[in-house]
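Novice: The structure's right below; bear with me while I get my questions together.
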Amino acid sequence: MKHLKKNHKPIAAAILLMGSFLSAPALAGTGKLVLTGGVSTIEGAAGGGLTPWAVIGTQATENEWGIAANITQARTDDYTVDTQGVTFAWDERIEFSLGSQTLDTGITGTALGLPGLDLEQTIVGVKYKLFGDAILDSDTWMPQVSVGLQHKSLDAAGLAPTLNTLGAKDSGTDAYISATKLFLKQGVLVNGTLRATKANQNGFLGFGSTLGGDDTDYELMPEFSVAKLLKDNLAIGAEYRFMPNKLESAGRAAGLGNGLASDDWMDVFVAWAPTKNVSLTAAYVDLGRIVPGTTNGRDQTGVYLSAQFAF
């Protein structure tokens with residue numbers, strides 16, 4: 001099978017819209033403190049690399065529009081994930097995001113008789129700040145709290161019949177609430193997110209399953225981030241994201257043992273902002289087992305690189 005052609009038309013269209021916003025009188029001016037708006041997650045929302053934070057992305061402050069674009073690649077032992085995204089924000093209150101993800105299935109696709117198989121996912125997100133200010137309230141214990149939705153649509157290509165057999169849907173919606181607190185004097189940021197999700201491997205393997213028992217209910221999964229500002233434009237940190245394991249029972253029912261088991265995700269990262277509009281992030285990632293039946297049970301560890309341009 002030839003390598004499947006990637007389709008990022010939604011992202012391209014959104015980027016074209018940036019031109020009209022760049023001429024708007026309410027576009028972000030001086031913006032926020034460097035790095036305090038977070039970077040872009042793999043799903044498009046502002047936060048760390050793996051988990052959203054309560055902060056509203058871009059450089060926009062009150063009564064301003066903000067725009068950000070990002071590109072990311074994560075390489076593990078057996079897989080490659082490429083993501084692109086754009087974010088629009090208004091008034092430090094609401095954030096809209098659009099992300100496109102492509103998973104190169106590597107040896108798993110080959111083992112399934114689908115060499116060159118790419119799984120593509122589009123994610124449309126919205127985040128709304130409920131109360132608090134992670135930066136301005138740094139002298140109190142009150143965090144900034146936001147809620148968000150992420151609707152994910154999967155194009156599984158040649159893997160779709162297999163996912164149908166497992167009873168996994170090709171779309172789903174995550175809901176989350178995040179609380180973020182910056183202790184400015186100590187230069188420490190902490191975040192906690194609670195996500196309601198049905199996604200298998202973040203949605204790359206569909207949503208829920210019915211083979212071997214109905215496992216299509218939402219599960220509440222916590223996510224945590226901590227970051228230390230070493231300088232005003234340099235931070236280090238770590239993230240931990242709990243993940244559902246909805247496909248393992250379906251895999252056992254299909255005679256695959258634990259061949260479809262999944263694990264939690266984590267990373268250790270460094271973020272650097274050479275200018276107020278540009279941030280670069282590098283991380284060591286551990287995504288646990290992803291289809292261990294075709295990868296000899298290996299944990300998928302590797303590197304994550306991301307660039308964000310925010311205005």
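Here's how to read the names in the structure tokens: chain A, B, ... by the order shown, residue numbers from 1 in each chain, ligand numbers from 1 in the order shown.
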If you run DSSP on this backbone, which residues of range 55-298 of chain A come out as alpha helix (DSSP H), and could you give them as number ranges by chain?
Specialist: A: 106-111, 160-166, 248-253
Novice: With only C-alpha atoms as the counted atoms, please give the residues lying no more than 6 Å from Ala310 in chain A, apart from itself and same-chain residues fewer than 3 positions off, as JSON, numbers by chain.
Specialist: {"A": [58, 67, 68, 277]}
Novice: Skipping near chain neighbours, those fewer than 2 positions away, what residues fall within 6 Å of Gly44 in chain A using only C-alpha atoms, listed as JSON, numbers by chain?
Specialist: {"A": [40, 41, 42, 85, 97, 99]}
Novice: Could you give me, as a list in words, the residues within 8 Å of Asp170 in chain A, counting only C-alpha atoms and dropping anything in the same chain fewer than 4 positions from it?
Specialist: Ser153, Leu154, Asp155, Ala156, Gly206 and Phe207 of chain A
Novice: Limited to C-alpha atoms, could you put the picked residues into a file as a compact mmCIF listing (two decimals), in the first residue's frame?
Specialist:
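Below is the file that was written, part09.txt:
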# COMPACT_ATOMS: atom_id res chain seq x y z
CA SER A 153 -12.73 12.93 14.40
CA LEU A 154 -10.59 9.99 13.27
CA ASP A 155 -9.80 8.89 9.73
CA ALA A 156 -8.48 5.37 10.32
CA GLY A 206 -11.06 5.21 18.15
CA PHE A 207 -13.36 5.74 21.10
Novice: Let me make sure I understand: among A:Ala46, A:Ile123, A:Ala74, A:Ala273, which one has the smallest atom-to-atom distance to Leu33 in chain A if we use only C-alpha atoms?
Specialist: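 Distance minimum relative to Leu33 in chain A lands on A:Ala273.
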Novice: When you look at range 259-263 of chain A with a cut-off of 12 Å (counting only C-alpha atoms), what residues show up, excluding the ones that are within fewer than 6 positions of it in the same chain? I need them as a PyMOL selection string.
Specialist: chain A and resi 108+163+166+199-202+204-205+209+240-253+286-300
Novice: Would you mind reading off the distance between CA of Lys129 in chain A and CA of Thr102 in chain A, one decimal, in Å?
Specialist: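 A separation of 29.3 Å between them.
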Novice: Write out as a PyMOL selection string the set of residues from range 82-219 of chain A that DSSP, computed on the backbone, places in strand (DSSP E or B).
Specialist: chain A and resi 82-90+94-104+118-131+144-155+169+171-183+188-197+199+207+209+215+219
Novice: Write the residues you've just listed into a file as a short mmCIF file (atom, residue, chain, number, x, y, z; two decimals), in the first residue's frame, and include C-alpha atoms for each of them.
Specialist:
data_model
loop_
_atom_site.label_atom_id
_atom_site.label_comp_id
_atom_site.auth_asym_id
_atom_site.auth_seq_id
_atom_site.Cartn_x
_atom_site.Cartn_y
_atom_site.Cartn_z
CA ASP A 82 3.01 15.00 13.57
CA THR A 83 0.65 17.73 14.68
CA GLN A 84 -0.22 21.20 13.42
CA GLY A 85 -2.63 23.63 14.95
CA VAL A 86 -3.97 27.16 15.24
CA THR A 87 -5.49 28.93 18.22
CA PHE A 88 -7.65 32.05 18.44
CA ALA A 89 -8.33 33.77 21.75
CA TRP A 90 -10.42 36.72 22.89
CA ILE A 94 -12.23 32.25 25.57
CA GLU A 95 -9.98 30.17 23.32
CA PHE A 96 -10.77 28.32 20.09
CA SER A 97 -8.38 25.74 18.67
CA LEU A 98 -8.09 23.52 15.62
CA GLY A 99 -5.56 20.70 15.50
CA SER A 100 -4.57 18.09 12.96
CA GLN A 101 -2.67 14.96 13.96
CA THR A 102 -1.07 12.21 11.88
CA LEU A 103 0.22 8.96 13.39
CA ASP A 104 2.67 7.00 11.26
CA ASP A 118 -1.25 6.80 8.62
CA LEU A 119 -4.03 7.51 11.09
CA GLU A 120 -5.30 11.09 10.88
CA GLN A 121 -7.31 12.98 13.46
CA THR A 122 -8.87 16.44 13.49
CA ILE A 123 -9.57 18.11 16.84
CA VAL A 124 -11.83 21.14 17.30
CA GLY A 125 -11.58 22.68 20.75
CA VAL A 126 -12.99 25.47 22.87
CA LYS A 127 -11.89 26.61 26.32
CA TYR A 128 -13.61 29.14 28.62
CA LYS A 129 -12.13 30.76 31.72
CA LEU A 130 -14.53 30.55 34.67
CA PHE A 131 -12.63 32.59 37.25
CA GLN A 144 -7.27 30.15 37.38
CA VAL A 145 -10.00 27.67 36.46
CA SER A 146 -11.22 26.93 32.93
CA VAL A 147 -13.44 24.34 31.27
CA GLY A 148 -13.04 22.96 27.77
CA LEU A 149 -14.37 20.65 25.10
CA GLN A 150 -12.41 18.82 22.38
CA HIS A 151 -14.28 17.07 19.57
CA LYS A 152 -12.09 14.50 17.81
CA SER A 153 -12.73 12.93 14.40
CA LEU A 154 -10.59 9.99 13.27
CA ASP A 155 -9.80 8.89 9.73
CA LYS A 169 -16.27 4.64 17.25
CA SER A 171 -15.33 10.20 16.77
CA GLY A 172 -15.75 11.38 20.32
CA THR A 173 -15.80 14.45 22.53
CA ASP A 174 -13.61 15.05 25.59
CA ALA A 175 -14.66 17.46 28.34
CA TYR A 176 -12.22 18.79 30.91
CA ILE A 177 -11.72 21.24 33.74
CA SER A 178 -8.29 22.69 34.50
CA ALA A 179 -6.88 24.67 37.43
CA THR A 180 -3.57 26.51 36.99
CA LYS A 181 -1.58 28.41 39.61
CA LEU A 182 1.63 30.40 39.17
CA PHE A 183 3.68 31.08 42.28
CA VAL A 188 6.72 27.61 39.89
CA LEU A 189 3.59 26.80 37.89
CA VAL A 190 1.32 23.87 38.76
CA ASN A 191 -1.69 22.57 36.87
CA GLY A 192 -4.30 19.91 37.41
CA THR A 193 -6.78 18.78 34.77
CA LEU A 194 -9.64 16.32 35.05
CA ARG A 195 -10.77 14.93 31.71
CA ALA A 196 -13.91 12.94 30.84
CA THR A 197 -13.02 10.81 27.83
CA ALA A 199 -10.60 7.96 23.68
CA PHE A 207 -13.36 5.74 21.10
CA SER A 209 -15.17 -0.60 22.55
CA ASP A 215 -16.96 -0.23 27.49
CA GLU A 219 -13.99 7.75 32.30
#
Novice: Please report the interatomic distance between CA of Thr61 in chain A and CA of Asp91 in chain A in Å with one decimal.
Specialist: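 Value for the CA of Thr61 in chain A-CA of Asp91 in chain A distance: 5.7 Å.
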Novice: Between A:Ala111, A:Val268, A:Ala235, A:Ala168, which is the closest to Asp214 in chain A once you count only C-alpha atoms?
Specialist: A:Ala168
Novice: Just how far from CA of Leu159 in chain A is CA of Gly106 in chain A, in Å to one decimal?
Specialist: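 For CA of Gly106 in chain A relative to CA of Leu159 in chain A, the distance reads 13.1 Å.
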Novice: For Ala60 in chain A, which of A:Lys32, A:Asp78, A:Lys198, A:Gly167 is the closest residue, counting only C-alpha atoms?
Specialist: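 Ranking A:Lys32, A:Asp78, A:Lys198, A:Gly167 by distance to Ala60 in chain A, first place goes to A:Lys32.
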Novice: Write out as a count of residues only each polymer residue whose atoms come within 6 Å of Ala307 in chain A, counting only C-alpha atoms; drop sequence neighbours fewer than 6 positions from it.
Specialist: 4
Novice: Find, counting only C-alpha atoms, the residue in A:Asn233, A:Met266, A:Pro52, A:Thr210 that gets nearest to Val278 in chain A.
Specialist: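 Checking each of A:Asn233, A:Met266, A:Pro52, A:Thr210 against Val278 in chain A, counting only C-alpha atoms, the winner is A:Asn233.
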